[in-house]
Every structure is written in structure tokens, then in C-alpha cells.
file coords.cif (mmCIF, C-alpha atoms and all ligand atoms)
data_structure
loop_
_atom_site.label_atom_id
_atom_site.label_comp_id
_atom_site.auth_asym_id
_atom_site.auth_seq_id
_atom_site.Cartn_x
_atom_site.Cartn_y
_atom_site.Cartn_z
CA ALA A 1 8.17 -25.48 7.17
CA ARG A 2 4.44 -25.20 6.61
CA LEU A 3 3.78 -24.72 10.31
CA ALA A 4 6.40 -22.01 10.69
CA ASN A 5 4.94 -20.27 7.66
CA GLN A 6 1.44 -20.48 9.09
CA ILE A 7 2.54 -18.95 12.37
CA ALA A 8 4.07 -16.07 10.46
CA ALA A 9 0.92 -15.78 8.37
CA GLY A 10 -1.05 -15.13 11.55
CA GLU A 11 0.67 -11.78 11.79
CA VAL A 12 0.85 -10.87 8.15
CA VAL A 13 -2.26 -12.33 6.60
CA GLU A 14 -5.27 -11.09 8.48
CA ARG A 15 -7.82 -11.02 5.67
CA PRO A 16 -8.00 -10.85 1.86
CA ALA A 17 -7.12 -7.14 1.86
CA SER A 18 -3.84 -7.89 3.67
CA VAL A 19 -2.93 -10.32 0.91
CA VAL A 20 -3.76 -7.76 -1.75
CA LYS A 21 -1.63 -5.20 0.06
CA GLU A 22 1.46 -7.44 0.19
CA LEU A 23 1.09 -8.45 -3.45
CA ILE A 24 0.67 -4.89 -4.70
CA GLU A 25 3.68 -3.76 -2.69
CA ASN A 26 5.67 -6.46 -4.45
CA SER A 27 4.41 -5.25 -7.84
CA LEU A 28 5.39 -1.69 -6.96
CA ASP A 29 8.82 -2.89 -5.79
CA ALA A 30 9.18 -4.61 -9.17
CA GLY A 31 8.69 -1.28 -10.96
CA ALA A 32 5.26 -2.09 -12.42
CA THR A 33 3.43 0.78 -14.13
CA ARG A 34 0.16 -1.10 -14.50
CA ILE A 35 -1.47 -3.38 -11.93
CA GLU A 36 -4.66 -5.36 -12.39
CA ILE A 37 -6.46 -6.68 -9.34
CA ASP A 38 -9.02 -9.39 -9.92
CA ILE A 39 -11.12 -10.45 -6.94
CA GLU A 40 -13.72 -13.17 -6.64
CA LYS A 41 -16.11 -13.53 -3.72
CA GLY A 42 -14.49 -10.81 -1.64
CA GLY A 43 -11.11 -12.47 -2.10
CA ALA A 44 -12.04 -15.68 -0.28
CA LYS A 45 -12.26 -17.55 -3.57
CA CYS A 46 -9.66 -15.79 -5.70
CA ILE A 47 -7.20 -12.90 -5.55
CA ARG A 48 -5.26 -12.38 -8.76
CA ILE A 49 -2.72 -9.58 -9.17
CA LYS A 50 -1.13 -9.04 -12.56
CA ASP A 51 1.65 -6.56 -13.15
CA ASN A 52 4.07 -5.49 -15.88
CA GLY A 53 7.07 -5.21 -13.58
CA LYS A 54 10.52 -6.66 -13.99
CA GLY A 55 9.47 -10.22 -13.12
CA VAL A 56 11.45 -13.03 -11.51
CA SER A 57 13.84 -15.26 -13.43
CA LYS A 58 13.36 -19.00 -13.48
CA ASP A 59 16.27 -19.68 -11.14
CA GLN A 60 15.01 -17.14 -8.57
CA LEU A 61 11.45 -18.50 -8.44
CA THR A 62 12.04 -21.07 -5.72
CA LEU A 63 13.76 -18.47 -3.60
CA ALA A 64 10.87 -16.03 -4.01
CA LEU A 65 8.42 -18.51 -2.48
CA SER A 66 10.74 -19.60 0.33
CA ARG A 67 10.60 -18.25 3.83
CA HIS A 68 13.23 -15.71 4.90
CA ALA A 69 15.17 -16.31 1.73
CA THR A 70 14.93 -12.70 0.71
CA SER A 71 14.76 -10.93 4.07
CA LYS A 72 16.31 -7.53 3.77
CA ILE A 73 16.66 -7.13 7.52
CA SER A 74 20.09 -8.64 7.89
CA HIS A 75 21.34 -6.63 10.80
CA LEU A 76 19.91 -4.23 13.33
CA ASP A 77 21.08 -1.06 11.61
CA ASP A 78 18.72 -1.79 8.75
CA LEU A 79 15.74 -1.54 11.09
CA GLU A 80 16.52 2.13 11.46
CA ALA A 81 16.29 2.75 7.78
CA ILE A 82 13.43 0.80 6.31
CA VAL A 83 12.36 2.83 3.34
CA SER A 84 11.60 0.06 0.94
CA LEU A 85 7.94 -0.87 0.96
CA GLY A 86 8.54 -4.58 1.39
CA PHE A 87 10.87 -5.72 4.10
CA ARG A 88 9.88 -8.93 5.78
CA GLY A 89 10.92 -11.27 3.05
CA GLU A 90 8.18 -13.72 3.86
CA ALA A 91 4.88 -12.47 2.50
CA LEU A 92 4.72 -14.91 -0.41
CA ALA A 93 5.76 -17.87 1.74
CA SER A 94 3.25 -16.88 4.42
CA ILE A 95 0.38 -16.44 1.98
CA SER A 96 1.17 -19.63 0.12
CA SER A 97 1.05 -21.60 3.38
CA VAL A 98 -2.62 -20.66 3.88
CA SER A 99 -3.90 -20.76 0.30
CA ARG A 100 -3.29 -22.33 -3.10
CA LEU A 101 -0.83 -19.86 -4.55
CA THR A 102 0.67 -19.85 -8.02
CA PHE A 103 3.33 -17.39 -9.07
CA THR A 104 3.82 -16.90 -12.81
CA SER A 105 6.52 -14.61 -14.10
CA LYS A 106 8.54 -13.58 -17.11
CA PRO A 107 11.45 -11.16 -16.95
CA SER A 108 12.17 -9.27 -20.18
CA ASP A 109 15.41 -11.16 -20.85
CA GLN A 110 13.81 -14.60 -20.70
CA ASP A 111 11.86 -16.07 -23.63
CA GLN A 112 9.71 -18.34 -21.58
CA ALA A 113 7.46 -17.62 -18.60
CA TRP A 114 7.55 -20.02 -15.63
CA GLN A 115 5.02 -20.83 -13.00
CA ALA A 116 5.84 -21.84 -9.43
CA VAL A 117 3.65 -23.60 -6.88
CA ALA A 118 4.64 -24.50 -3.32
CA GLU A 119 2.95 -27.70 -2.18
CA GLY A 120 2.78 -30.31 0.54
CA ARG A 121 3.96 -30.31 4.13
CA ASP A 122 7.41 -29.07 3.20
CA MET A 123 6.16 -26.43 0.81
CA GLN A 124 8.28 -27.97 -1.92
CA VAL A 125 8.37 -25.54 -4.85
CA ASN A 126 7.53 -27.05 -8.25
CA ILE A 127 8.01 -25.08 -11.44
CA GLN A 128 6.73 -25.56 -14.95
CA PRO A 129 6.64 -23.56 -18.19
CA ALA A 130 3.72 -21.17 -18.64
CA ALA A 131 2.42 -18.44 -20.94
CA HIS A 132 2.71 -14.86 -19.66
CA PRO A 133 3.78 -11.46 -21.01
CA GLN A 134 6.59 -9.59 -19.26
CA GLY A 135 5.72 -9.21 -15.60
CA THR A 136 4.14 -11.30 -12.92
CA THR A 137 0.77 -12.77 -12.00
CA VAL A 138 0.18 -14.06 -8.51
CA GLU A 139 -2.99 -16.05 -8.02
CA VAL A 140 -4.22 -16.85 -4.52
CA LEU A 141 -7.10 -19.34 -4.42
CA ASP A 142 -9.15 -20.48 -1.43
CA LEU A 143 -7.49 -18.29 1.16
CA PHE A 144 -7.43 -19.95 4.62
CA PHE A 145 -8.77 -23.25 3.20
CA ASN A 146 -6.52 -25.10 5.65
CA THR A 147 -7.06 -22.80 8.63
CA PRO A 148 -10.81 -23.18 9.27
CA ALA A 149 -10.89 -20.86 12.29
CA ARG A 150 -9.45 -18.04 10.24
CA ARG A 151 -11.70 -18.84 7.29
CA ARG A 152 -14.75 -18.57 9.57
CA PHE A 153 -13.47 -15.23 10.83
CA LEU A 154 -13.90 -13.70 7.36
CA LYS A 155 -16.76 -11.22 7.07
CA THR A 156 -19.27 -11.13 4.23
CA GLU A 157 -18.11 -10.97 0.65
CA LYS A 158 -19.27 -7.36 0.52
CA THR A 159 -17.33 -6.31 3.62
CA GLU A 160 -14.13 -8.03 2.58
CA PHE A 161 -14.35 -6.42 -0.84
CA GLN A 162 -14.90 -2.99 0.75
CA HIS A 163 -11.62 -3.44 2.63
CA ILE A 164 -9.89 -4.22 -0.65
CA ASP A 165 -11.55 -1.29 -2.39
CA GLU A 166 -10.44 1.11 0.35
CA LEU A 167 -6.91 -0.28 0.18
CA ILE A 168 -6.78 0.33 -3.58
CA ARG A 169 -7.96 3.92 -3.05
CA ARG A 170 -5.18 4.50 -0.54
CA ILE A 171 -2.55 3.01 -2.78
CA ALA A 172 -3.85 4.85 -5.86
CA LEU A 173 -3.54 8.12 -3.92
CA SER A 174 0.14 7.50 -3.27
CA SER A 175 1.12 6.18 -6.71
CA PHE A 176 -0.44 8.51 -9.26
CA GLU A 177 1.88 7.36 -12.02
CA ILE A 178 0.70 3.75 -11.79
CA GLY A 179 -2.44 2.56 -13.57
CA PHE A 180 -4.84 0.36 -11.58
CA VAL A 181 -7.80 -1.76 -12.56
CA LEU A 182 -9.91 -3.40 -9.85
CA LYS A 183 -12.45 -6.07 -10.72
CA HIS A 184 -14.88 -7.93 -8.51
CA ASN A 185 -16.55 -11.10 -9.79
CA GLY A 186 -15.56 -10.20 -13.34
CA LYS A 187 -16.89 -6.64 -13.24
CA ILE A 188 -14.67 -3.55 -13.40
CA ILE A 189 -15.22 -1.59 -10.18
CA ARG A 190 -12.38 0.97 -10.36
CA GLN A 191 -10.16 2.08 -13.16
CA TYR A 192 -7.47 4.63 -12.39
CA ARG A 193 -5.40 5.58 -15.39
CA ALA A 194 -1.77 6.49 -14.90
CA ALA A 195 -1.74 10.20 -14.02
CA GLN A 196 1.07 12.62 -14.72
CA THR A 197 -0.30 16.02 -15.71
CA PRO A 198 -2.09 18.23 -13.14
CA ALA A 199 -5.37 17.60 -14.94
CA GLN A 200 -4.90 13.83 -14.79
CA ILE A 201 -3.93 14.06 -11.14
CA ASP A 202 -7.05 16.11 -10.36
CA LYS A 203 -9.10 13.51 -12.15
CA ARG A 204 -7.78 10.68 -10.01
CA LEU A 205 -8.13 12.80 -6.88
CA ALA A 206 -11.77 13.47 -7.79
CA ALA A 207 -12.43 9.80 -8.50
CA ILE A 208 -11.10 8.84 -5.07
CA CYS A 209 -11.92 11.83 -2.85
CA SER A 210 -14.98 13.31 -4.66
CA GLU A 211 -15.41 16.26 -7.01
CA SER A 212 -16.32 18.55 -4.15
CA PHE A 213 -13.05 17.84 -2.40
CA VAL A 214 -11.02 18.71 -5.50
CA LYS A 215 -13.04 21.91 -6.05
CA SER A 216 -12.61 23.17 -2.51
CA ALA A 217 -9.18 21.84 -1.61
CA LEU A 218 -6.09 24.03 -1.36
CA SER A 219 -2.92 22.35 -2.49
CA PHE A 220 0.16 22.96 -0.40
CA LYS A 221 3.84 22.22 -0.42
CA SER A 222 6.35 23.05 2.28
CA GLU A 223 8.80 25.78 1.28
CA GLU A 224 12.51 25.89 1.76
CA SER A 225 13.25 27.91 4.85
CA ASP A 226 16.05 30.47 4.63
CA GLY A 227 17.20 28.90 1.38
CA GLU A 228 17.91 25.65 3.18
CA ALA A 229 15.98 22.57 2.23
CA SER A 230 14.31 21.10 5.28
CA PRO A 231 14.89 17.39 5.81
CA LEU A 232 11.15 17.26 6.34
CA LYS A 233 8.88 17.79 3.35
CA ILE A 234 5.13 17.89 3.30
CA SER A 235 2.65 18.43 0.52
CA GLY A 236 -0.91 17.58 -0.39
CA TRP A 237 -4.42 18.99 -0.36
CA ILE A 238 -6.58 20.22 2.45
CA SER A 239 -10.17 21.40 2.59
CA ASP A 240 -12.63 22.53 5.22
CA ARG A 241 -15.49 23.03 2.84
CA LEU A 242 -16.74 19.53 2.44
CA SER A 243 -20.12 18.39 3.59
CA PRO A 244 -19.64 16.88 7.05
CA ARG A 245 -20.77 13.57 5.64
CA LEU A 246 -17.75 13.44 3.36
CA LEU A 247 -15.12 14.85 5.69
CA GLY A 248 -14.26 11.61 7.43
CA ASP A 249 -13.85 9.85 4.10
CA VAL A 250 -11.07 12.11 2.93
CA GLN A 251 -8.39 11.82 5.57
CA TYR A 252 -5.34 10.27 4.06
CA CYS A 253 -1.84 10.64 5.41
CA TYR A 254 1.34 9.07 4.09
CA ILE A 255 4.81 8.96 5.58
CA ASN A 256 7.52 8.11 3.08
CA GLY A 257 4.90 6.55 0.83
CA ARG A 258 3.23 4.50 3.55
CA MET A 259 -0.36 5.17 4.58
CA ILE A 260 -0.61 5.84 8.30
CA ARG A 261 -3.11 6.96 10.90
CA ASP A 262 -1.30 9.02 13.42
CA LYS A 263 -2.45 11.01 16.46
CA LEU A 264 0.39 13.48 16.18
CA VAL A 265 -0.43 14.32 12.58
CA ASN A 266 -4.16 14.53 13.32
CA HIS A 267 -3.48 16.86 16.20
CA ALA A 268 -1.25 19.09 14.09
CA ILE A 269 -3.90 19.41 11.38
CA LYS A 270 -6.55 20.21 13.96
CA GLN A 271 -4.36 22.85 15.52
CA ALA A 272 -3.62 24.53 12.19
CA TYR A 273 -7.35 24.76 11.63
CA ALA A 274 -8.27 25.58 15.21
CA ARG A 275 -9.45 29.12 14.59
CA LEU A 276 -11.23 28.33 11.35
CA LEU A 277 -13.32 25.29 12.13
CA PRO A 278 -16.43 25.10 14.28
CA GLU A 279 -16.16 22.82 17.29
CA GLY A 280 -16.39 19.16 16.35
CA GLN A 281 -15.64 19.72 12.67
CA PHE A 282 -12.61 18.33 10.99
CA PRO A 283 -10.98 19.07 7.65
CA GLY A 284 -10.61 16.67 4.76
CA TYR A 285 -7.03 16.15 3.67
CA VAL A 286 -4.56 14.19 1.65
CA ILE A 287 -1.11 14.77 3.07
CA TYR A 288 2.28 13.40 2.15
CA ILE A 289 5.14 13.65 4.62
CA ASN A 290 8.66 12.76 3.66
CA CYS A 291 11.33 12.56 6.27
CA PRO A 292 14.69 10.85 6.68
CA ALA A 293 14.12 7.13 7.33
CA ASP A 294 16.15 7.28 10.54
CA GLN A 295 13.74 9.86 11.99
CA VAL A 296 10.74 7.58 12.05
CA ASP A 297 9.94 4.04 13.22
CA VAL A 298 7.41 2.38 10.96
CA ASN A 299 7.42 -0.98 12.71
CA VAL A 300 5.72 0.07 15.93
CA HIS A 301 2.69 -2.01 15.06
CA PRO A 302 2.41 -5.11 12.84
CA SER A 303 -0.32 -3.50 10.74
CA LYS A 304 2.09 -0.61 10.22
CA HIS A 305 -0.58 2.07 10.45
CA GLU A 306 1.17 3.68 13.39
CA VAL A 307 4.54 5.33 13.38
CA ARG A 308 6.80 6.93 15.94
CA PHE A 309 8.75 10.08 15.15
CA HIS A 310 12.01 10.57 16.98
CA GLN A 311 11.51 14.31 17.07
CA ALA A 312 7.76 14.41 17.42
CA ARG A 313 7.56 18.06 18.45
CA TRP A 314 9.53 19.17 15.42
CA VAL A 315 7.34 17.22 13.01
CA HIS A 316 4.18 18.44 14.70
CA ASP A 317 5.18 22.10 14.57
CA TYR A 318 6.37 21.83 11.00
CA ILE A 319 2.99 20.51 9.87
CA VAL A 320 1.15 23.21 11.80
CA SER A 321 3.25 26.01 10.33
CA THR A 322 3.07 24.73 6.74
CA LEU A 323 -0.69 24.37 6.89
CA ALA A 324 -1.14 27.67 8.67
CA THR A 325 0.83 29.38 5.88
CA THR A 326 -1.37 27.74 3.26
CA LEU A 327 -4.54 28.73 5.04
CA SER A 328 -3.53 32.32 5.67
CA SER A 329 -2.45 32.87 2.05
CA ASP A 330 -5.89 31.64 1.07
CA ASP A 331 -7.53 34.28 3.29
CA ALA A 332 -5.48 37.07 1.72
P1 LIG B 1 9.80 -9.23 0.08
O1 LIG B 1 8.91 -8.42 -0.79
O2 LIG B 1 9.83 -8.70 1.46
O3 LIG B 1 11.17 -9.45 -0.48
P2 LIG B 1 7.96 -11.33 -0.54
O4 LIG B 1 7.70 -12.67 0.04
O5 LIG B 1 6.82 -10.38 -0.59
O6 LIG B 1 9.16 -10.70 0.25
O7 LIG B 1 8.54 -11.53 -2.00
C1 LIG B 1 9.68 -12.33 -2.18
C2 LIG B 1 10.44 -11.96 -3.42
O8 LIG B 1 9.74 -12.37 -4.59
C3 LIG B 1 10.69 -10.50 -3.63
O9 LIG B 1 11.83 -10.06 -2.94
C4 LIG B 1 10.86 -10.38 -5.14
O10 LIG B 1 12.19 -10.70 -5.48
C5 LIG B 1 9.99 -11.46 -5.65
N1 LIG B 1 8.68 -10.95 -6.08
C6 LIG B 1 7.50 -11.07 -5.42
N2 LIG B 1 6.50 -10.50 -6.12
C7 LIG B 1 7.04 -10.01 -7.24
C8 LIG B 1 6.52 -9.30 -8.40
N3 LIG B 1 5.22 -8.99 -8.50
N4 LIG B 1 7.40 -8.96 -9.37
C9 LIG B 1 8.71 -9.28 -9.28
N5 LIG B 1 9.26 -9.93 -8.23
C10 LIG B 1 8.44 -10.30 -7.23
MG MG B 2 6.87 -8.24 -0.27
#
call {"tool": "encode", "arguments": {"input": "coords.cif", "output": "C-alpha cells"}}
result
Amino acid sequence: ARLANQIAAGEVVERPASVVKELIENSLDAGATRIEIDIEKGGAKCIRIKDNGKGVSKDQLTLALSRHATSKISHLDDLEAIVSLGFRGEALASISSVSRLTFTSKPSDQDQAWQAVAEGRDMQVNIQPAAHPQGTTVEVLDLFFNTPARRRFLKTEKTEFQHIDELIRRIALSSFEIGFVLKHNGKIIRQYRAAQTPAQIDKRLAAICSESFVKSALSFKSEESDGEASPLKISGWISDRLSPRLLGDVQYCYINGRMIRDKLVNHAIKQAYARLLPEGQFPGYVIYINCPADQVDVNVHPSKHEVRFHQARWVHDYIVSTLATTLSSDDA
């Protein structure tokens, strides 16, 4: 079982930031409202994610660490409609096959917390009582300790931490209502308080995208057309008044809650701005697109940064027209 898990880990677990991503997605799936991320030595030594989500009961712990046990892709139809953030059902098993992973959890209806560890060639899961408030802590020590080639492939502590930091920024920009704390080697690096009011949201936006972006950005939201709600919804902020140095740093796009980098979306934004921007300049933006799950493939690429729209032209034109409306109302 360990070998099969390691093969799977080759696709899922590229570097410490990929581990952090999977673990945070699990915390979000569990309904956490507060997530603490503790990193040591760029994640090579320790990645610890603590949440206040619904937890896992003692009798489900073994299952949670077992490969394929929880796969939600049971038949092909489901591939068409993957909206849930986690879907492979093997992240924990994969990560635990290439690290020393402990999973400690307490659901609200259980008095005692339990800790699970998968060990040995067969990844036998052992559980024992532990102390933990409601929620879950996953600790990943010595990532890739048993896959030396992969361990060597890790970049410097600083670089690996930068990847994690950027990931947290992306996630914090798509989950305003969740509080995040990010520590590196015991020091608090980022602290994003749960944001609900417009002022709180602006504060988080400024912390992630800079004050100047918040000051200059126009917020937009697609309107209903002819009283009919479009199945496609887009909203966000866009600005062309950033210093060129900052522009590239503020280009975030999410489809159904997932961060993506997409040529089609980039092209649409460029086109909407075509008459306003000097050659070679590009706007800063944070844009959220929501569309029916059966209109978009999110599994085109294992890293999931690329997507494929079934009606690409429609999506493209919708983005252009929404942004163009925003920009022209600003001129007026
Ligand atoms: P998936 O998320 O695709 O189901 P994972 O291997 O990432 O697969 O997680 C396996 C299972 O463990 C999840 O389905 C969930 O039931 C449980 N789990 C993992 N992390 C958490 C968490 N932080 N809080 C509650 N349950 C969790
Ligand atoms: Mg998962």
C-alpha cells in the first residue's frame, strides 16, 4: 500500500505548498472558520494545520487516512460536476506515505480527542487518545524523508515558504469569512481576521493586494440581464492605476472558488481594457467567476490551475461586457 500511495503522491504532493493546499482545503470542507498554519524550515521540517471544523470521529479516523476510502468520484457523471474543493479522496494517504503524519481530531459530540498515525510498509493506522479542542490538527513532519530524490528537489527554505505564503494569500482572497494565521519558525507572518463588513473586506484586500490597489480599484458585479439571472456570475475588483511594479502581483482569478490562471480570462480582461491601457500594460484584478459546474472542466491539469469552458466564447464575451460596463460607468 505504501508504494501505491507514493506513486499517487508524485502527482499530488509536489512541494510543501501542495501539502498545505490539500490540508487547508480539507479544513474548509470541514466548515472551519479559523485556520492556523504553522511552518518550520519552509515546510520541510514541519507543516502543522489546526482548524476548528467539524472534526472526524474516532471510528472514521482509519478511513480518513486510507487510500481511496473516501473518493467522491464514484462514477463518470460526477466528473462533470466537481464543485467540492476536495475530490480525490487520497490526499491524506498520499501525504502520509511520504512524511510522518499525525492526524488529531475531536468532533463536538465526542468527549475525547483521538490521534491517528499510519505507519510501516502497510500504512497500518494506529490510534490513541489525545488532547485537542473541537476541530482537527494535522502535523506533517520531515516531508519526503523517505523519497530522497524528491527531498533534494526542494528549493531553499525561503523559496518554499514564499510558495506557501502566496498560496495563503490566494486562499484568503477567496474565503474572506475565514480567519487565517500563518507562522514561520514560530513567528507570525500573516494574520487575516475573519472579514464580513465592507470595511473588513477592504482591510483584507489591502493587506493582500496593497493599499494602492484598494484605493484605485473599481468593484464590479455582473447584473441580471432582462430580469433573468445569468447562469454565469462575475464579480470582483479591477484597477489600471497601479504602479507597473505592482500590477503583476495583483492578478487573481477564481472559478467556482478555485484559483486559476486562464488564457481565455486574461484575454477577456485585456480586451475590455484595450482602449484604455497603453501597449504592454496590464490591469490588476481580483475576479470571481461562478458558473454551473457542468460548464467547466477543472481537471484538465493535475495542478488544477487550468480550466476548460464548454462555451468558451460565451464566457469570454460575458467577462468583456461586464468589465466594459464597469469601466464606462466610471468614465461617466
Ligand atoms: P478528500 O478530502 O478528497 O475526501 P483527503 O485524503 O484529503 O480526501 O481526506 C480524507 C477525509 O478525511 C476527508 O474526506 C474528511 O472526511 C477527513 N478529513 C480530512 N481533513 C479533515 C479536517 N481538517 N477536518 C475534518 N475532516 C477531515
Ligand atoms: Mg482533501
call {"tool": "residues_around", "arguments": {"input": "coords.cif", "residues": "region 312-321 of chain A", "least_positions_apart": "2", "cutoff": "10 Å", "atoms": "only C-alpha atoms", "output": "ChimeraX atom specification"}}
result
/A:222,230,232-235,264-273,287,289,291,295-296,308-310,323-327
call {"tool": "write_last_selection", "arguments": {"input": "coords.cif", "atoms": "C-alpha atoms", "output": "compact mmCIF listing (two decimals), in the frame of the given file"}}
result
# COMPACT_ATOMS: atom_id res chain seq x y z
CA SER A 222 6.35 23.05 2.28
CA SER A 230 14.31 21.10 5.28
CA LEU A 232 11.15 17.26 6.34
CA LYS A 233 8.88 17.79 3.35
CA ILE A 234 5.13 17.89 3.30
CA SER A 235 2.65 18.43 0.52
CA LEU A 264 0.39 13.48 16.18
CA VAL A 265 -0.43 14.32 12.58
CA ASN A 266 -4.16 14.53 13.32
CA HIS A 267 -3.48 16.86 16.20
CA ALA A 268 -1.25 19.09 14.09
CA ILE A 269 -3.90 19.41 11.38
CA LYS A 270 -6.55 20.21 13.96
CA GLN A 271 -4.36 22.85 15.52
CA ALA A 272 -3.62 24.53 12.19
CA TYR A 273 -7.35 24.76 11.63
CA ILE A 287 -1.11 14.77 3.07
CA ILE A 289 5.14 13.65 4.62
CA CYS A 291 11.33 12.56 6.27
CA GLN A 295 13.74 9.86 11.99
CA VAL A 296 10.74 7.58 12.05
CA ARG A 308 6.80 6.93 15.94
CA PHE A 309 8.75 10.08 15.15
CA HIS A 310 12.01 10.57 16.98
CA LEU A 323 -0.69 24.37 6.89
CA ALA A 324 -1.14 27.67 8.67
CA THR A 325 0.83 29.38 5.88
CA THR A 326 -1.37 27.74 3.26
CA LEU A 327 -4.54 28.73 5.04
call {"tool": "closest_residue", "arguments": {"input": "coords.cif", "among": "A:Glu90, A:Lys158, A:Lys58, A:Asn146", "to": "Ile127 (chain A)", "atoms": "all atoms listed in the file"}}
result
A:Lys58
call {"tool": "atom_distance", "arguments": {"input": "coords.cif", "atom1": "CA of Ser57 (chain A)", "atom2": "CA of Thr33 (chain A)"}}
result
19.1 Å
call {"tool": "closest_residue", "arguments": {"input": "coords.cif", "among": "A:Lys263, A:Arg204, A:Lys221, A:Lys41", "to": "Ser174 (chain A)", "atoms": "only C-alpha atoms"}}
result
A:Arg204
call {"tool": "residues_around", "arguments": {"input": "coords.cif", "residues": "Leu143 (chain A)", "least_positions_apart": "3", "cutoff": "8 Å", "atoms": "only C-alpha atoms", "output": "JSON, numbers by chain"}}
result
{"A": [16, 43, 44, 45, 46, 98, 99, 100, 140, 151]}
call {"tool": "closest_residue", "arguments": {"input": "coords.cif", "among": "A:Glu40, A:Ala149, A:Glu22, A:Ser27", "to": "Ile188 (chain A)", "atoms": "only C-alpha atoms"}}
result
A:Glu40
call {"tool": "atom_distance", "arguments": {"input": "coords.cif", "atom1": "CA of Val117 (chain A)", "atom2": "CA of Pro129 (chain A)"}}
result
11.7 Å
call {"tool": "atom_distance", "arguments": {"input": "coords.cif", "atom1": "CA of Phe180 (chain A)", "atom2": "CA of Ile208 (chain A)"}}
result
12.4 Å
call {"tool": "closest_residue", "arguments": {"input": "coords.cif", "among": "A:Val307, A:Ala131, A:Ala207, A:Ala91", "to": "ligand MG 2 (chain B)", "atoms": "only C-alpha atoms and all ligand atoms"}}
result
A:Ala91
